[in-house]
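Below: one structure, written as structure tokens.
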Amino acid sequence: MYRSDCKKRRFAYSGVRGFPNRQEKGKKMDREEYMRAALALAQRAGQEGEVPVGCVIVCGGEIVGRGWNRREQTQNALEHAEMMALAEACRTLGRWRLSDCRLFVTLEPCPMCAGAILNARVGEVCYGASDPEYGACGGVINLFEEAFRHRPRLYGGVLAQDCAALLRNFFEDLRAGGKKGAENSGITDGRL
């Protein structure tokens, strides 16, 4: 999008797919700290018998959206961590354009979530573990490299070992019959 287009549409241009350098009350949090917040939400999902994926959305140094997987609880295919976090961020900010926001998710987004990220115009996407079966940031396809009008900055592998270990342990416990809610979760193998 060109600067002149932004002025005509009456929304702020904050640089090339970027956002202002703001600090959180004297302290600038880094990608790993935000990913740790997403990991805490992923652990919550795992405790609820869900695939442990968590997501936070940050705007101006503050977390404005949080989400964790809830597909099994709600029996709704749309209840991915990213979708929940995007919805909360839009409600919190009172707008759908999130170009000044950063999204942190513990697992590479799927095509549905990548599409929602593109439609919300999220400025930056950071993910932890790669997903070679459903990943839409390079695992299977990279939708952010396609000819869409908006392309967020993409950072993969943020705390990747921690994110992958959480998923691996969840599925190992699930196969052994251990995790809370695993018997009724409907998840029978490591596929996400």
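Every chain in the structure tokens takes a letter, A first, then B, and so on in the order presented; its residues are numbered from 1, and the ligands are numbered from 1 following the presented order.
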Requested in this report: DSSP on the backbone, then: every residue of range 80-170 of chain A marked helix (DSSP H, G or I), written as a PyMOL selection string.
Outcome: chain A and resi 81-93+111-119+143-145+160-170
Keeping only N, CA, C and O atoms, write those residues as a short mmCIF file (atom, residue, chain, number, x, y, z; two decimals), in the first residue's frame.
data_model
loop_
_atom_site.label_atom_id
_atom_site.label_comp_id
_atom_site.auth_asym_id
_atom_site.auth_seq_id
_atom_site.Cartn_x
_atom_site.Cartn_y
_atom_site.Cartn_z
N ALA A 81 -6.04 -20.89 18.29
CA ALA A 81 -5.47 -19.86 19.16
C ALA A 81 -5.40 -18.50 18.46
O ALA A 81 -5.76 -17.47 19.04
N GLU A 82 -4.95 -18.50 17.21
CA GLU A 82 -4.81 -17.24 16.48
C GLU A 82 -6.16 -16.56 16.26
O GLU A 82 -6.27 -15.34 16.37
N MET A 83 -7.18 -17.35 15.96
CA MET A 83 -8.51 -16.79 15.70
C MET A 83 -9.07 -16.14 16.97
O MET A 83 -9.65 -15.05 16.90
N MET A 84 -8.88 -16.79 18.10
CA MET A 84 -9.34 -16.23 19.38
C MET A 84 -8.60 -14.93 19.68
O MET A 84 -9.20 -13.94 20.10
N ALA A 85 -7.27 -14.95 19.49
CA ALA A 85 -6.46 -13.77 19.80
C ALA A 85 -6.80 -12.60 18.86
O ALA A 85 -6.88 -11.45 19.30
N LEU A 86 -7.01 -12.90 17.59
CA LEU A 86 -7.39 -11.84 16.64
C LEU A 86 -8.72 -11.22 17.02
O LEU A 86 -8.88 -10.00 17.00
N ALA A 87 -9.68 -12.06 17.38
CA ALA A 87 -11.01 -11.54 17.76
C ALA A 87 -10.90 -10.65 19.00
O ALA A 87 -11.49 -9.57 19.05
N GLU A 88 -10.11 -11.08 19.99
CA GLU A 88 -9.97 -10.27 21.21
C GLU A 88 -9.24 -8.97 20.91
O GLU A 88 -9.62 -7.91 21.43
N ALA A 89 -8.22 -9.02 20.07
CA ALA A 89 -7.47 -7.80 19.73
C ALA A 89 -8.38 -6.80 19.02
O ALA A 89 -8.34 -5.60 19.31
N CYS A 90 -9.20 -7.28 18.11
CA CYS A 90 -10.13 -6.39 17.40
C CYS A 90 -11.13 -5.76 18.38
O CYS A 90 -11.41 -4.56 18.28
N ARG A 91 -11.64 -6.56 19.31
CA ARG A 91 -12.56 -6.01 20.32
C ARG A 91 -11.85 -4.99 21.20
O ARG A 91 -12.38 -3.92 21.48
N THR A 92 -10.65 -5.32 21.65
CA THR A 92 -9.90 -4.44 22.55
C THR A 92 -9.58 -3.11 21.89
O THR A 92 -9.73 -2.05 22.50
N LEU A 93 -9.13 -3.17 20.64
CA LEU A 93 -8.72 -1.95 19.93
C LEU A 93 -9.88 -1.25 19.24
O LEU A 93 -9.74 -0.09 18.82
N PRO A 111 -3.43 -22.60 7.15
CA PRO A 111 -3.95 -21.71 6.10
C PRO A 111 -5.12 -20.83 6.55
O PRO A 111 -5.20 -19.66 6.17
N MET A 112 -6.03 -21.38 7.38
CA MET A 112 -7.16 -20.58 7.85
C MET A 112 -6.67 -19.40 8.67
O MET A 112 -7.10 -18.26 8.46
N CYS A 113 -5.76 -19.66 9.60
CA CYS A 113 -5.27 -18.60 10.47
C CYS A 113 -4.41 -17.60 9.70
O CYS A 113 -4.48 -16.40 9.94
N ALA A 114 -3.61 -18.11 8.76
CA ALA A 114 -2.80 -17.21 7.93
C ALA A 114 -3.70 -16.28 7.12
O ALA A 114 -3.42 -15.09 6.98
N GLY A 115 -4.81 -16.81 6.63
CA GLY A 115 -5.77 -15.96 5.91
C GLY A 115 -6.36 -14.89 6.80
O GLY A 115 -6.51 -13.73 6.38
N ALA A 116 -6.70 -15.24 8.02
CA ALA A 116 -7.24 -14.25 8.96
C ALA A 116 -6.18 -13.20 9.30
O ALA A 116 -6.49 -12.01 9.41
N ILE A 117 -4.94 -13.63 9.44
CA ILE A 117 -3.83 -12.70 9.72
C ILE A 117 -3.68 -11.72 8.57
O ILE A 117 -3.50 -10.52 8.78
N LEU A 118 -3.75 -12.23 7.35
CA LEU A 118 -3.65 -11.36 6.17
C LEU A 118 -4.81 -10.37 6.13
O LEU A 118 -4.63 -9.18 5.88
N ASN A 119 -6.01 -10.86 6.39
CA ASN A 119 -7.20 -9.99 6.34
C ASN A 119 -7.19 -8.94 7.44
O ASN A 119 -7.72 -7.85 7.24
N LEU A 143 1.87 -18.64 2.62
CA LEU A 143 0.87 -17.72 2.09
C LEU A 143 1.32 -16.26 2.18
O LEU A 143 0.82 -15.42 1.44
N PHE A 144 2.28 -15.99 3.04
CA PHE A 144 2.75 -14.62 3.20
C PHE A 144 3.72 -14.21 2.08
O PHE A 144 4.11 -13.05 1.99
N GLU A 145 4.08 -15.14 1.23
CA GLU A 145 4.92 -14.82 0.06
C GLU A 145 4.10 -14.71 -1.22
O GLU A 145 4.64 -14.41 -2.27
N ALA A 160 11.62 -22.17 19.49
CA ALA A 160 11.13 -23.33 18.76
C ALA A 160 11.25 -24.62 19.55
O ALA A 160 10.33 -25.45 19.54
N GLN A 161 12.35 -24.80 20.25
CA GLN A 161 12.54 -26.05 21.01
C GLN A 161 11.52 -26.17 22.13
O GLN A 161 10.95 -27.24 22.36
N ASP A 162 11.26 -25.08 22.83
CA ASP A 162 10.27 -25.11 23.91
C ASP A 162 8.87 -25.37 23.37
O ASP A 162 8.11 -26.15 23.94
N CYS A 163 8.54 -24.71 22.27
CA CYS A 163 7.21 -24.88 21.66
C CYS A 163 7.03 -26.31 21.15
O CYS A 163 5.98 -26.93 21.38
N ALA A 164 8.05 -26.84 20.47
CA ALA A 164 7.98 -28.20 19.93
C ALA A 164 7.92 -29.23 21.06
O ALA A 164 7.18 -30.22 20.97
N ALA A 165 8.68 -29.00 22.14
CA ALA A 165 8.68 -29.93 23.27
C ALA A 165 7.30 -30.02 23.91
O ALA A 165 6.84 -31.10 24.29
N LEU A 166 6.62 -28.88 24.04
CA LEU A 166 5.28 -28.87 24.62
C LEU A 166 4.32 -29.71 23.79
O LEU A 166 3.56 -30.53 24.32
N LEU A 167 4.38 -29.55 22.48
CA LEU A 167 3.53 -30.34 21.58
C LEU A 167 3.90 -31.82 21.63
O LEU A 167 3.03 -32.68 21.75
N ARG A 168 5.19 -32.11 21.55
CA ARG A 168 5.65 -33.50 21.57
C ARG A 168 5.22 -34.20 22.87
O ARG A 168 4.68 -35.30 22.84
N ASN A 169 5.43 -33.55 24.00
CA ASN A 169 5.05 -34.14 25.29
C ASN A 169 3.55 -34.36 25.38
O ASN A 169 3.09 -35.37 25.93
N PHE A 170 2.78 -33.42 24.88
CA PHE A 170 1.32 -33.56 24.89
C PHE A 170 0.89 -34.81 24.15
O PHE A 170 0.10 -35.62 24.64
#
Write out as a tab-separated table the residues of range 30-141 of chain A that have any atom within 12 Å of an atom of range 172-177 of chain A, one row each with the nearest atom pair and its distance in Å to one decimal, counting only C-alpha atoms, sorted by chain and then rising number.
residue	atom	partner	partner_atom	distance
A:Gly46	CA	A:Leu174	CA	10.1
A:Gln47	CA	A:Leu174	CA	11.5
A:Gly49	CA	A:Leu174	CA	8.8
A:Glu50	CA	A:Leu174	CA	10.3
A:Val51	CA	A:Leu174	CA	9.9
A:Pro52	CA	A:Leu174	CA	11.7
Report summary line: Judged by only C-alpha atoms, the minimum distance to Glu72 in chain A among A:Val56, A:Glu48, A:Arg149, A:Trp96 is found for A:Glu48
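Note that the spacing between CA of Leu107 in chain A and CA of Val58 in chain A amounts to 17.0 Å.
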Query raised in the report: Looking at only C-alpha atoms, which of A:Ile63, A:Ile57, A:Leu78, A:Ala147 is the one that sits closest to Tyr127 in chain A?
Result: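 Closest candidate: A:Ile57.
Interatomic distance, CA of Asn142 in chain A against CA of Ala42 in chain A: 23.2 Å.
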Query raised in the report: Running DSSP on the backbone, which parts of range 5-189 of chain A land in strand (DSSP E), as a PyMOL selection string?
Result: chain A and resi 54-59+62-68+101-107+124-129+153-155
Please produce a file of the residues just selected, as an mmCIF file, in the first residue's frame, where the atoms kept are N, CA, C and O atoms.
data_model
loop_
_atom_site.group_PDB
_atom_site.id
_atom_site.type_symbol
_atom_site.label_atom_id
_atom_site.label_comp_id
_atom_site.auth_asym_id
_atom_site.auth_seq_id
_atom_site.Cartn_x
_atom_site.Cartn_y
_atom_site.Cartn_z
ATOM 1 N N GLY A 54 -0.786 -21.639 21.809
ATOM 2 C CA GLY A 54 -1.192 -20.367 22.394
ATOM 3 C C GLY A 54 -0.751 -19.217 21.518
ATOM 4 O O GLY A 54 0.195 -19.339 20.731
ATOM 5 N N CYS A 55 -1.436 -18.085 21.668
ATOM 6 C CA CYS A 55 -1.159 -16.927 20.829
ATOM 7 C C CYS A 55 -1.414 -15.645 21.606
ATOM 8 O O CYS A 55 -2.373 -15.567 22.372
ATOM 9 N N VAL A 56 -0.542 -14.659 21.419
ATOM 10 C CA VAL A 56 -0.784 -13.319 21.944
ATOM 11 C C VAL A 56 -0.596 -12.318 20.813
ATOM 12 O O VAL A 56 0.200 -12.537 19.901
ATOM 13 N N ILE A 57 -1.330 -11.220 20.892
ATOM 14 C CA ILE A 57 -1.184 -10.120 19.946
ATOM 15 C C ILE A 57 -0.803 -8.889 20.743
ATOM 16 O O ILE A 57 -1.415 -8.590 21.774
ATOM 17 N N VAL A 58 0.227 -8.200 20.260
ATOM 18 C CA VAL A 58 0.809 -7.065 20.963
ATOM 19 C C VAL A 58 0.644 -5.810 20.130
ATOM 20 O O VAL A 58 0.883 -5.821 18.920
ATOM 21 N N CYS A 59 0.234 -4.725 20.796
ATOM 22 C CA CYS A 59 0.128 -3.424 20.144
ATOM 23 C C CYS A 59 0.679 -2.382 21.104
ATOM 24 O O CYS A 59 0.231 -2.292 22.250
ATOM 25 N N GLU A 62 1.800 -3.594 24.586
ATOM 26 C CA GLU A 62 0.829 -4.225 25.478
ATOM 27 C C GLU A 62 0.151 -5.387 24.773
ATOM 28 O O GLU A 62 -0.157 -5.306 23.580
ATOM 29 N N ILE A 63 -0.117 -6.441 25.519
ATOM 30 C CA ILE A 63 -0.858 -7.572 24.969
ATOM 31 C C ILE A 63 -2.329 -7.178 24.891
ATOM 32 O O ILE A 63 -2.944 -6.857 25.902
ATOM 33 N N VAL A 64 -2.865 -7.185 23.674
ATOM 34 C CA VAL A 64 -4.256 -6.769 23.451
ATOM 35 C C VAL A 64 -5.152 -7.933 23.036
ATOM 36 O O VAL A 64 -6.367 -7.771 22.948
ATOM 37 N N GLY A 65 -4.551 -9.095 22.770
ATOM 38 C CA GLY A 65 -5.321 -10.271 22.382
ATOM 39 C C GLY A 65 -4.635 -11.534 22.848
ATOM 40 O O GLY A 65 -3.405 -11.642 22.743
ATOM 41 N N ARG A 66 -5.415 -12.457 23.386
ATOM 42 C CA ARG A 66 -4.898 -13.740 23.851
ATOM 43 C C ARG A 66 -5.789 -14.840 23.316
ATOM 44 O O ARG A 66 -7.000 -14.668 23.227
ATOM 45 N N GLY A 67 -5.181 -15.988 23.011
ATOM 46 C CA GLY A 67 -5.981 -17.112 22.560
ATOM 47 C C GLY A 67 -5.252 -18.424 22.756
ATOM 48 O O GLY A 67 -4.024 -18.450 22.843
ATOM 49 N N TRP A 68 -6.017 -19.490 22.858
ATOM 50 C CA TRP A 68 -5.478 -20.836 22.942
ATOM 51 C C TRP A 68 -6.480 -21.749 22.252
ATOM 52 O O TRP A 68 -7.652 -21.411 22.097
ATOM 53 N N CYS A 101 0.225 -4.141 14.883
ATOM 54 C CA CYS A 101 0.285 -5.210 15.878
ATOM 55 C C CYS A 101 1.266 -6.306 15.469
ATOM 56 O O CYS A 101 1.599 -6.458 14.302
ATOM 57 N N ARG A 102 1.689 -7.043 16.491
ATOM 58 C CA ARG A 102 2.572 -8.192 16.311
ATOM 59 C C ARG A 102 1.856 -9.409 16.879
ATOM 60 O O ARG A 102 1.269 -9.334 17.945
ATOM 61 N N LEU A 103 1.922 -10.530 16.163
ATOM 62 C CA LEU A 103 1.273 -11.757 16.589
ATOM 63 C C LEU A 103 2.345 -12.780 16.934
ATOM 64 O O LEU A 103 3.275 -12.989 16.159
ATOM 65 N N PHE A 104 2.214 -13.407 18.099
ATOM 66 C CA PHE A 104 3.148 -14.432 18.566
ATOM 67 C C PHE A 104 2.361 -15.708 18.803
ATOM 68 O O PHE A 104 1.423 -15.720 19.600
ATOM 69 N N VAL A 105 2.725 -16.789 18.121
ATOM 70 C CA VAL A 105 2.006 -18.053 18.247
ATOM 71 C C VAL A 105 3.014 -19.187 18.353
ATOM 72 O O VAL A 105 4.074 -19.159 17.725
ATOM 73 N N THR A 106 2.677 -20.186 19.161
ATOM 74 C CA THR A 106 3.633 -21.255 19.455
ATOM 75 C C THR A 106 3.797 -22.258 18.327
ATOM 76 O O THR A 106 4.795 -22.974 18.283
ATOM 77 N N LEU A 107 2.835 -22.346 17.416
ATOM 78 C CA LEU A 107 2.908 -23.256 16.273
ATOM 79 C C LEU A 107 2.636 -22.478 14.994
ATOM 80 O O LEU A 107 1.736 -21.626 14.964
ATOM 81 N N GLU A 124 3.342 -8.027 11.923
ATOM 82 C CA GLU A 124 4.449 -8.958 12.150
ATOM 83 C C GLU A 124 3.907 -10.252 12.731
ATOM 84 O O GLU A 124 3.033 -10.232 13.598
ATOM 85 N N VAL A 125 4.428 -11.377 12.249
ATOM 86 C CA VAL A 125 4.043 -12.693 12.743
ATOM 87 C C VAL A 125 5.294 -13.414 13.206
ATOM 88 O O VAL A 125 6.260 -13.535 12.452
ATOM 89 N N CYS A 126 5.269 -13.887 14.443
ATOM 90 C CA CYS A 126 6.367 -14.671 15.013
ATOM 91 C C CYS A 126 5.797 -16.003 15.469
ATOM 92 O O CYS A 126 4.822 -16.024 16.218
ATOM 93 N N TYR A 127 6.384 -17.089 15.019
ATOM 94 C CA TYR A 127 5.909 -18.396 15.455
ATOM 95 C C TYR A 127 7.064 -19.212 16.010
ATOM 96 O O TYR A 127 8.222 -18.946 15.724
ATOM 97 N N GLY A 128 6.712 -20.205 16.821
ATOM 98 C CA GLY A 128 7.710 -21.049 17.468
ATOM 99 C C GLY A 128 8.034 -22.271 16.638
ATOM 100 O O GLY A 128 8.936 -22.262 15.800
ATOM 101 N N ALA A 129 7.273 -23.340 16.835
ATOM 102 C CA ALA A 129 7.529 -24.605 16.149
ATOM 103 C C ALA A 129 6.967 -24.580 14.732
ATOM 104 O O ALA A 129 5.908 -24.005 14.483
ATOM 105 N N ARG A 153 5.718 -9.041 8.236
ATOM 106 C CA ARG A 153 7.068 -9.547 8.480
ATOM 107 C C ARG A 153 6.913 -10.883 9.187
ATOM 108 O O ARG A 153 6.029 -11.048 10.027
ATOM 109 N N LEU A 154 7.767 -11.825 8.875
ATOM 110 C CA LEU A 154 7.627 -13.183 9.384
ATOM 111 C C LEU A 154 8.919 -13.628 10.061
ATOM 112 O O LEU A 154 9.999 -13.510 9.491
ATOM 113 N N TYR A 155 8.782 -14.114 11.288
ATOM 114 C CA TYR A 155 9.911 -14.643 12.049
ATOM 115 C C TYR A 155 9.526 -16.015 12.584
ATOM 116 O O TYR A 155 8.604 -16.132 13.384
#
